[in-house]
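Trainee: Okay, so here is data-v3.pdb, and as you'll see once you scroll down, it has PDB, C-alpha atoms and all ligand atoms.
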```
MODEL        1
ATOM      1  CA  MET A 350     -34.749 -33.129  17.411  1.00  0.00           C
ATOM      2  CA  ILE A 351     -32.372 -33.579  14.521  1.00  0.00           C
ATOM      3  CA  LEU A 352     -29.278 -35.526  15.466  1.00  0.00           C
ATOM      4  CA  THR A 353     -25.983 -34.633  13.900  1.00  0.00           C
ATOM      5  CA  ALA A 354     -23.061 -37.038  13.538  1.00  0.00           C
ATOM      6  CA  SER A 355     -21.218 -35.583  16.520  1.00  0.00           C
ATOM      7  CA  GLN A 356     -24.159 -36.463  18.776  1.00  0.00           C
ATOM      8  CA  ILE A 357     -24.173 -40.124  17.778  1.00  0.00           C
ATOM      9  CA  SER A 358     -21.836 -42.591  19.434  1.00  0.00           C
ATOM     10  CA  THR A 359     -19.991 -44.978  17.162  1.00  0.00           C
ATOM     11  CA  SER A 360     -18.123 -46.829  19.919  1.00  0.00           C
ATOM     12  CA  SER A 361     -20.149 -49.993  19.338  1.00  0.00           C
ATOM     13  CA  VAL A 362     -19.469 -50.080  15.591  1.00  0.00           C
ATOM     14  CA  THR A 363     -17.232 -52.944  14.469  1.00  0.00           C
ATOM     15  CA  ASP A 364     -14.668 -52.959  11.661  1.00  0.00           C
ATOM     16  CA  ALA A 365     -16.878 -55.377   9.734  1.00  0.00           C
ATOM     17  CA  GLN A 366     -19.780 -52.942   9.965  1.00  0.00           C
ATOM     18  CA  ILE A 367     -17.587 -50.102   8.703  1.00  0.00           C
ATOM     19  CA  GLY A 368     -16.504 -52.419   5.890  1.00  0.00           C
ATOM     20  CA  ALA A 369     -20.149 -52.865   4.910  1.00  0.00           C
ATOM     21  CA  CYS A 370     -20.462 -49.131   4.179  1.00  0.00           C
ATOM     22  CA  HIS A 371     -19.878 -47.762   0.715  1.00  0.00           C
ATOM     23  CA  LYS A 372     -19.746 -44.077   0.044  1.00  0.00           C
ATOM     24  CA  VAL A 373     -21.715 -43.005  -2.987  1.00  0.00           C
ATOM     25  CA  PHE A 374     -22.139 -39.616  -4.607  1.00  0.00           C
ATOM     26  CA  GLY A 375     -25.658 -38.804  -5.704  1.00  0.00           C
ATOM     27  CA  PRO A 376     -26.614 -36.894  -8.863  1.00  0.00           C
ATOM     28  CA  ASP A 377     -26.516 -33.702  -6.792  1.00  0.00           C
ATOM     29  CA  ASN A 378     -22.926 -34.625  -5.901  1.00  0.00           C
ATOM     30  CA  LYS A 379     -23.883 -35.055  -2.255  1.00  0.00           C
ATOM     31  CA  PRO A 380     -22.388 -38.137  -0.634  1.00  0.00           C
ATOM     32  CA  PHE A 381     -24.454 -40.790   1.074  1.00  0.00           C
ATOM     33  CA  TYR A 382     -23.755 -44.318   2.200  1.00  0.00           C
ATOM     34  CA  MET A 383     -24.984 -47.663   0.996  1.00  0.00           C
ATOM     35  CA  VAL A 384     -24.725 -50.198   3.796  1.00  0.00           C
ATOM     36  CA  GLU A 385     -24.914 -53.935   3.235  1.00  0.00           C
ATOM     37  CA  SER A 386     -27.569 -55.666   5.285  1.00  0.00           C
ATOM     38  CA  ALA A 387     -26.165 -58.083   7.837  1.00  0.00           C
ATOM     39  CA  SER A 388     -29.087 -60.490   7.465  1.00  0.00           C
ATOM     40  CA  ASP A 389     -29.772 -60.277   3.741  1.00  0.00           C
ATOM     41  CA  LEU A 390     -26.664 -60.285   1.555  1.00  0.00           C
ATOM     42  CA  ASP A 391     -28.604 -59.027  -1.458  1.00  0.00           C
ATOM     43  CA  ARG A 392     -29.848 -55.967   0.354  1.00  0.00           C
ATOM     44  CA  GLU A 393     -28.259 -52.597   0.822  1.00  0.00           C
ATOM     45  CA  TYR A 394     -29.711 -49.735   2.794  1.00  0.00           C
ATOM     46  CA  LYS A 395     -29.303 -46.150   1.794  1.00  0.00           C
ATOM     47  CA  VAL A 396     -28.236 -43.904   4.651  1.00  0.00           C
ATOM     48  CA  THR A 397     -28.693 -40.183   4.144  1.00  0.00           C
ATOM     49  CA  TRP A 398     -28.564 -37.050   6.197  1.00  0.00           C
ATOM     50  CA  THR A 399     -30.563 -33.903   5.576  1.00  0.00           C
ATOM     51  CA  ARG A 400     -30.841 -30.776   7.624  1.00  0.00           C
ATOM     52  CA  GLU A 401     -34.598 -31.222   7.795  1.00  0.00           C
ATOM     53  CA  ARG A 402     -34.814 -34.873   8.780  1.00  0.00           C
ATOM     54  CA  GLY A 403     -31.396 -35.810  10.112  1.00  0.00           C
ATOM     55  CA  PHE A 404     -30.159 -39.330   9.487  1.00  0.00           C
ATOM     56  CA  GLN A 405     -32.379 -41.687   7.593  1.00  0.00           C
ATOM     57  CA  CYS A 406     -32.003 -45.337   6.702  1.00  0.00           C
ATOM     58  CA  GLN A 407     -34.203 -47.596   4.626  1.00  0.00           C
ATOM     59  CA  CYS A 408     -34.146 -50.496   7.080  1.00  0.00           C
ATOM     60  CA  LYS A 409     -36.987 -51.643   9.327  1.00  0.00           C
ATOM     61  CA  ALA A 410     -35.318 -50.511  12.559  1.00  0.00           C
ATOM     62  CA  ALA A 411     -34.980 -46.969  11.268  1.00  0.00           C
ATOM     63  CA  GLU A 412     -38.554 -47.082  10.001  1.00  0.00           C
ATOM     64  CA  TYR A 413     -39.645 -47.574  13.605  1.00  0.00           C
ATOM     65  CA  GLY A 414     -37.588 -44.606  14.661  1.00  0.00           C
ATOM     66  CA  ASN A 415     -34.552 -46.471  15.948  1.00  0.00           C
ATOM     67  CA  LEU A 416     -30.992 -45.399  15.420  1.00  0.00           C
ATOM     68  CA  CYS A 417     -29.909 -48.497  13.474  1.00  0.00           C
ATOM     69  CA  TRP A 418     -26.328 -49.745  13.117  1.00  0.00           C
ATOM     70  CA  HIS A 419     -26.332 -48.751   9.433  1.00  0.00           C
ATOM     71  CA  ILE A 420     -26.468 -45.110  10.466  1.00  0.00           C
ATOM     72  CA  ARG A 421     -23.868 -45.558  13.203  1.00  0.00           C
ATOM     73  CA  ALA A 422     -21.563 -47.478  10.851  1.00  0.00           C
ATOM     74  CA  SER A 423     -21.928 -44.809   8.144  1.00  0.00           C
ATOM     75  CA  ILE A 424     -20.886 -42.143  10.627  1.00  0.00           C
ATOM     76  CA  ALA A 425     -17.935 -44.280  11.760  1.00  0.00           C
ATOM     77  CA  ALA A 426     -16.933 -44.866   8.115  1.00  0.00           C
ATOM     78  CA  ALA A 427     -17.115 -41.135   7.396  1.00  0.00           C
ATOM     79  CA  ARG A 428     -14.969 -40.424  10.456  1.00  0.00           C
ATOM     80  CA  GLU A 429     -12.389 -43.008   9.394  1.00  0.00           C
ATOM     81  CA  GLU A 430     -12.324 -41.518   5.925  1.00  0.00           C
ATOM     82  CA  ARG A 431     -11.803 -38.018   7.298  1.00  0.00           C
ATOM     83  CA  GLU A 432      -8.937 -39.285   9.447  1.00  0.00           C
ATOM     84  CA  ALA A 433      -7.384 -41.088   6.480  1.00  0.00           C
ATOM     85  CA  VAL A 434      -7.650 -37.977   4.320  1.00  0.00           C
ATOM     86  CA  ALA A 435      -6.145 -35.846   7.098  1.00  0.00           C
ATOM     87  CA  GLU A 436      -3.272 -38.311   7.432  1.00  0.00           C
ATOM     88  CA  LEU A 437      -2.729 -38.291   3.675  1.00  0.00           C
ATOM     89  CA  ASN A 438      -2.724 -34.497   3.577  1.00  0.00           C
ATOM     90  CA  ARG A 439      -0.256 -34.438   6.454  1.00  0.00           C
ATOM     91  CA  LEU A 440       2.085 -36.769   4.565  1.00  0.00           C
ATOM     92  CA  ILE A 441       1.783 -34.714   1.382  1.00  0.00           C
ATOM     93  CA  ALA A 442       2.510 -31.517   3.315  1.00  0.00           C
ATOM     94  CA  GLU A 443       5.480 -33.199   4.933  1.00  0.00           C
ATOM     95  CA  GLN A 444       6.920 -34.220   1.562  1.00  0.00           C
ATOM     96  CA  ALA A 445       6.283 -30.819   0.042  1.00  0.00           C
ATOM     97  CA  ALA A 446       7.903 -29.018   2.959  1.00  0.00           C
ATOM     98  CA  PRO A 447      11.350 -27.646   2.182  1.00  0.00           C
ATOM     99  CA  VAL A 448      14.185 -29.688   3.591  1.00  0.00           C
ATOM    100  CA  THR A 449      15.457 -27.697   6.526  1.00  0.00           C
ATOM    101  CA  SER A 450      18.577 -29.606   7.413  1.00  0.00           C
ATOM    102  CA  SER A 451      20.915 -31.254   4.944  1.00  0.00           C
ATOM    103  CA  ALA A 452      22.796 -34.474   5.667  1.00  0.00           C
ATOM    104  CA  PRO A 453      22.876 -35.450   9.314  1.00  0.00           C
ATOM    105  CA  THR A 454      25.950 -34.178  11.065  1.00  0.00           C
ATOM    106  CA  ILE A 455      28.123 -36.837  12.599  1.00  0.00           C
ATOM    107  CA  ASP A 456      30.510 -35.806  15.291  1.00  0.00           C
ATOM    108  CA  THR A 457      34.107 -37.024  15.147  1.00  0.00           C
ATOM    109  CA  ALA A 458      33.711 -39.506  17.994  1.00  0.00           C
ATOM    110  CA  THR A 459      30.808 -41.220  16.246  1.00  0.00           C
ATOM    111  CA  ARG A 460      32.686 -41.232  12.952  1.00  0.00           C
ATOM    112  CA  ALA A 461      35.672 -42.876  14.649  1.00  0.00           C
ATOM    113  CA  ARG A 462      33.405 -45.557  16.145  1.00  0.00           C
ATOM    114  CA  ILE A 463      31.843 -46.274  12.750  1.00  0.00           C
ATOM    115  CA  GLU A 464      35.248 -46.533  11.065  1.00  0.00           C
ATOM    116  CA  ALA A 465      36.533 -48.837  13.797  1.00  0.00           C
ATOM    117  CA  ALA A 466      33.447 -51.012  13.445  1.00  0.00           C
ATOM    118  CA  ASN A 467      33.902 -51.180   9.665  1.00  0.00           C
ATOM    119  CA  GLU A 468      37.526 -52.222  10.090  1.00  0.00           C
ATOM    120  CA  ARG A 469      36.574 -54.928  12.558  1.00  0.00           C
ATOM    121  CA  ALA A 470      33.907 -56.221  10.192  1.00  0.00           C
ATOM    122  CA  ALA A 471      36.337 -56.260   7.267  1.00  0.00           C
ATOM    123  CA  SER A 472      38.988 -58.206   9.156  1.00  0.00           C
ATOM    124  CA  LYS A 473      36.700 -60.762  10.752  1.00  0.00           C
ATOM    125  CA  PRO A 474      38.466 -64.111  10.491  1.00  0.00           C
ATOM    126  CA  VAL A 475      35.192 -66.025  10.725  1.00  0.00           C
ATOM    127  CA  SER A 476      33.825 -64.815   7.412  1.00  0.00           C
ATOM    128  CA  ARG A 477      37.075 -65.589   5.553  1.00  0.00           C
ATOM    129  CA  ALA A 478      37.244 -69.102   6.971  1.00  0.00           C
ATOM    130  CA  LYS A 479      33.681 -69.646   5.853  1.00  0.00           C
ATOM    131  CA  ALA A 480      34.399 -68.392   2.352  1.00  0.00           C
ATOM    132  CA  ARG A 481      37.288 -70.833   1.959  1.00  0.00           C
ATOM    133  CA  GLN A 482      35.210 -73.729   3.200  1.00  0.00           C
ATOM    134  CA  ASP A 483      32.488 -73.014   0.697  1.00  0.00           C
ATOM    135  CA  GLY A 484      33.470 -74.704  -2.532  1.00  0.00           C
ATOM    136  CA  HIS A 485      31.116 -72.680  -4.661  1.00  0.00           C
ATOM    137  CA  PHE A 486      32.971 -69.489  -3.923  1.00  0.00           C
ATOM    138  CA  ALA A 487      36.501 -70.952  -3.997  1.00  0.00           C
ATOM    139  CA  SER A 488      37.212 -69.446  -7.404  1.00  0.00           C
ATOM    140  CA  ILE A 489      36.135 -65.953  -6.434  1.00  0.00           C
TER     141      ILE A 489
HETATM  142 ZN    ZN B   1     -30.670 -49.049   9.016  1.00  0.00          ZN
ENDMDL
END
```
Go through the file and emit its structure as structure tokens.
Mentor:
Amino acid sequence: MILTASQISTSSVTDAQIGACHKVFGPDNKPFYMVESASDLDREYKVTWTRERGFQCQCKAAEYGNLCWHIRASIAAAREEREAVAELNRLIAEQAAPVTSSAPTIDTATRARIEAANERAASKPVSRAKARQDGHFASI
């Protein structure tokens, strides 16, 4: 049976494992993943998916028919990427959307509170006393 990504759990995949995955586009423009080996820093395993053979990895575990972490991590990385792209598209759509409401409307009671607060801040005796004490600003 050919497994598709949606049938493979990625709950055990760690962030570090996702970080070991690098998306690459082949000469046919189809993406695949190169995944750094956890045991051999000089090694990378190619993870591919084809309709005929499902997921394939070049590592020993996959050779023996196991669903290795390289495959799981590649699927998790692809999912993260899809989510990131969706989020980006959402933000772009949000920015492109026409502005529906103009400046926020402030009711008179709120405006009065803001003005009162500004007046209080302007006439605070503490800040003036401080300014006089500070020699550097005496000339200002
Ligand atoms: Zn593998």
Trainee: Any chance you could resolve the PyMOL selection byres (((not hetatm)) within 7 of (chain B and resi 1)) against this file and give the residues as an MDAnalysis selection string?
Mentor: chainID A and resid 394 406:411 417:420
Trainee: Care to translate the PyMOL selection byres (((chain A and resi 422-438) around 12) and not hetatm) into actual residues of this file, as a VMD selection string?
Mentor: chain A and resid 352 to 373 380 to 387 394 to 398 404 to 406 416 to 421 439 to 446
Trainee: Just to confirm, what's the straight-line distance from atom CA of A:Asp391 to atom CA of A:Lys379 in Å (one decimal)?
Mentor: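 Between atom CA of A:Asp391 and atom CA of A:Lys379 the gap works out to 24.4 Å.
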Trainee: Calculate, to one decimal in Å, the centre and edge lengths of the box along x, y and z of the file that holds all listed atoms of stretch 359-377 of chain A with 4 Å of margin on each side, and present them as JSON.
Mentor:
```
{"center_x": -20.6, "center_y": -44.5, "center_z": 5.5, "size_x": 19.9, "size_y": 29.7, "size_z": 36.8}
```
Trainee: What does the distance between atom CA of A:Thr399 and atom CA of A:Gly414 come to in Å, to one decimal place?
Mentor: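 These atoms are spaced 15.7 Å apart.
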Trainee: Provide the atom CA of A:Glu412 to atom CA of A:Arg400 distance in Å, to one decimal place.
Mentor: 18.2 Å
Trainee: Please rebuild stretch 379-407 of chain A with N, CA and C atoms and return the result as a PDB file, in the coordinates of the input.
Mentor:
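Ended up saving to result_13.pdb:
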```
ATOM      1  N   LYS A 379     -23.922 -34.916  -3.710  1.00  0.00           N
ATOM      2  CA  LYS A 379     -23.883 -35.055  -2.255  1.00  0.00           C
ATOM      3  C   LYS A 379     -23.604 -36.513  -1.906  1.00  0.00           C
ATOM      4  N   PRO A 380     -22.687 -36.748  -0.978  1.00  0.00           N
ATOM      5  CA  PRO A 380     -22.388 -38.137  -0.634  1.00  0.00           C
ATOM      6  C   PRO A 380     -23.435 -38.738   0.299  1.00  0.00           C
ATOM      7  N   PHE A 381     -23.653 -40.029   0.108  1.00  0.00           N
ATOM      8  CA  PHE A 381     -24.454 -40.790   1.074  1.00  0.00           C
ATOM      9  C   PHE A 381     -23.808 -42.157   1.176  1.00  0.00           C
ATOM     10  N   TYR A 382     -24.343 -42.987   2.035  1.00  0.00           N
ATOM     11  CA  TYR A 382     -23.755 -44.318   2.200  1.00  0.00           C
ATOM     12  C   TYR A 382     -24.750 -45.407   1.851  1.00  0.00           C
ATOM     13  N   MET A 383     -24.224 -46.442   1.192  1.00  0.00           N
ATOM     14  CA  MET A 383     -24.984 -47.663   0.996  1.00  0.00           C
ATOM     15  C   MET A 383     -24.381 -48.684   1.955  1.00  0.00           C
ATOM     16  N   VAL A 384     -25.221 -49.275   2.781  1.00  0.00           N
ATOM     17  CA  VAL A 384     -24.725 -50.198   3.796  1.00  0.00           C
ATOM     18  C   VAL A 384     -25.338 -51.574   3.572  1.00  0.00           C
ATOM     19  N   GLU A 385     -24.449 -52.567   3.465  1.00  0.00           N
ATOM     20  CA  GLU A 385     -24.914 -53.935   3.235  1.00  0.00           C
ATOM     21  C   GLU A 385     -25.679 -54.437   4.454  1.00  0.00           C
ATOM     22  N   SER A 386     -26.799 -55.067   4.202  1.00  0.00           N
ATOM     23  CA  SER A 386     -27.569 -55.666   5.285  1.00  0.00           C
ATOM     24  C   SER A 386     -26.805 -56.842   5.874  1.00  0.00           C
ATOM     25  N   ALA A 387     -26.859 -56.974   7.191  1.00  0.00           N
ATOM     26  CA  ALA A 387     -26.165 -58.083   7.837  1.00  0.00           C
ATOM     27  C   ALA A 387     -26.946 -59.384   7.689  1.00  0.00           C
ATOM     28  N   SER A 388     -28.252 -59.286   7.524  1.00  0.00           N
ATOM     29  CA  SER A 388     -29.087 -60.490   7.465  1.00  0.00           C
ATOM     30  C   SER A 388     -29.399 -60.917   6.037  1.00  0.00           C
ATOM     31  N   ASP A 389     -29.447 -59.969   5.127  1.00  0.00           N
ATOM     32  CA  ASP A 389     -29.772 -60.277   3.741  1.00  0.00           C
ATOM     33  C   ASP A 389     -28.653 -59.740   2.840  1.00  0.00           C
ATOM     34  N   LEU A 390     -27.855 -60.682   2.311  1.00  0.00           N
ATOM     35  CA  LEU A 390     -26.664 -60.285   1.555  1.00  0.00           C
ATOM     36  C   LEU A 390     -26.990 -59.537   0.268  1.00  0.00           C
ATOM     37  N   ASP A 391     -28.228 -59.693  -0.214  1.00  0.00           N
ATOM     38  CA  ASP A 391     -28.604 -59.027  -1.458  1.00  0.00           C
ATOM     39  C   ASP A 391     -29.141 -57.623  -1.226  1.00  0.00           C
ATOM     40  N   ARG A 392     -29.254 -57.267   0.048  1.00  0.00           N
ATOM     41  CA  ARG A 392     -29.848 -55.967   0.354  1.00  0.00           C
ATOM     42  C   ARG A 392     -28.804 -54.932   0.741  1.00  0.00           C
ATOM     43  N   GLU A 393     -29.065 -53.724   0.365  1.00  0.00           N
ATOM     44  CA  GLU A 393     -28.259 -52.597   0.822  1.00  0.00           C
ATOM     45  C   GLU A 393     -29.220 -51.495   1.247  1.00  0.00           C
ATOM     46  N   TYR A 394     -28.863 -50.831   2.321  1.00  0.00           N
ATOM     47  CA  TYR A 394     -29.711 -49.735   2.794  1.00  0.00           C
ATOM     48  C   TYR A 394     -29.034 -48.402   2.526  1.00  0.00           C
ATOM     49  N   LYS A 395     -29.817 -47.491   2.070  1.00  0.00           N
ATOM     50  CA  LYS A 395     -29.303 -46.150   1.794  1.00  0.00           C
ATOM     51  C   LYS A 395     -29.403 -45.312   3.061  1.00  0.00           C
ATOM     52  N   VAL A 396     -28.265 -44.758   3.470  1.00  0.00           N
ATOM     53  CA  VAL A 396     -28.236 -43.904   4.651  1.00  0.00           C
ATOM     54  C   VAL A 396     -27.950 -42.477   4.205  1.00  0.00           C
ATOM     55  N   THR A 397     -28.839 -41.588   4.564  1.00  0.00           N
ATOM     56  CA  THR A 397     -28.693 -40.183   4.144  1.00  0.00           C
ATOM     57  C   THR A 397     -28.816 -39.259   5.350  1.00  0.00           C
ATOM     58  N   TRP A 398     -28.350 -38.078   5.175  1.00  0.00           N
ATOM     59  CA  TRP A 398     -28.564 -37.050   6.197  1.00  0.00           C
ATOM     60  C   TRP A 398     -29.038 -35.779   5.532  1.00  0.00           C
ATOM     61  N   THR A 399     -30.107 -35.206   6.057  1.00  0.00           N
ATOM     62  CA  THR A 399     -30.563 -33.903   5.576  1.00  0.00           C
ATOM     63  C   THR A 399     -30.795 -33.007   6.787  1.00  0.00           C
ATOM     64  N   ARG A 400     -30.661 -31.746   6.555  1.00  0.00           N
ATOM     65  CA  ARG A 400     -30.841 -30.776   7.624  1.00  0.00           C
ATOM     66  C   ARG A 400     -32.250 -30.896   8.213  1.00  0.00           C
ATOM     67  N   GLU A 401     -33.200 -31.198   7.362  1.00  0.00           N
ATOM     68  CA  GLU A 401     -34.598 -31.222   7.795  1.00  0.00           C
ATOM     69  C   GLU A 401     -34.936 -32.472   8.602  1.00  0.00           C
ATOM     70  N   ARG A 402     -34.370 -33.602   8.182  1.00  0.00           N
ATOM     71  CA  ARG A 402     -34.814 -34.873   8.780  1.00  0.00           C
ATOM     72  C   ARG A 402     -33.705 -35.628   9.478  1.00  0.00           C
ATOM     73  N   GLY A 403     -32.504 -35.120   9.448  1.00  0.00           N
ATOM     74  CA  GLY A 403     -31.396 -35.810  10.112  1.00  0.00           C
ATOM     75  C   GLY A 403     -31.013 -37.075   9.378  1.00  0.00           C
ATOM     76  N   PHE A 404     -30.574 -38.073  10.114  1.00  0.00           N
ATOM     77  CA  PHE A 404     -30.159 -39.330   9.487  1.00  0.00           C
ATOM     78  C   PHE A 404     -31.372 -40.178   9.162  1.00  0.00           C
ATOM     79  N   GLN A 405     -31.313 -40.786   7.987  1.00  0.00           N
ATOM     80  CA  GLN A 405     -32.379 -41.687   7.593  1.00  0.00           C
ATOM     81  C   GLN A 405     -31.782 -42.944   6.979  1.00  0.00           C
ATOM     82  N   CYS A 406     -32.416 -44.062   7.275  1.00  0.00           N
ATOM     83  CA  CYS A 406     -32.003 -45.337   6.702  1.00  0.00           C
ATOM     84  C   CYS A 406     -33.250 -46.042   6.204  1.00  0.00           C
ATOM     85  N   GLN A 407     -33.048 -46.921   5.225  1.00  0.00           N
ATOM     86  CA  GLN A 407     -34.203 -47.596   4.626  1.00  0.00           C
ATOM     87  C   GLN A 407     -34.601 -48.863   5.367  1.00  0.00           C
TER      88      GLN A 407
END
```
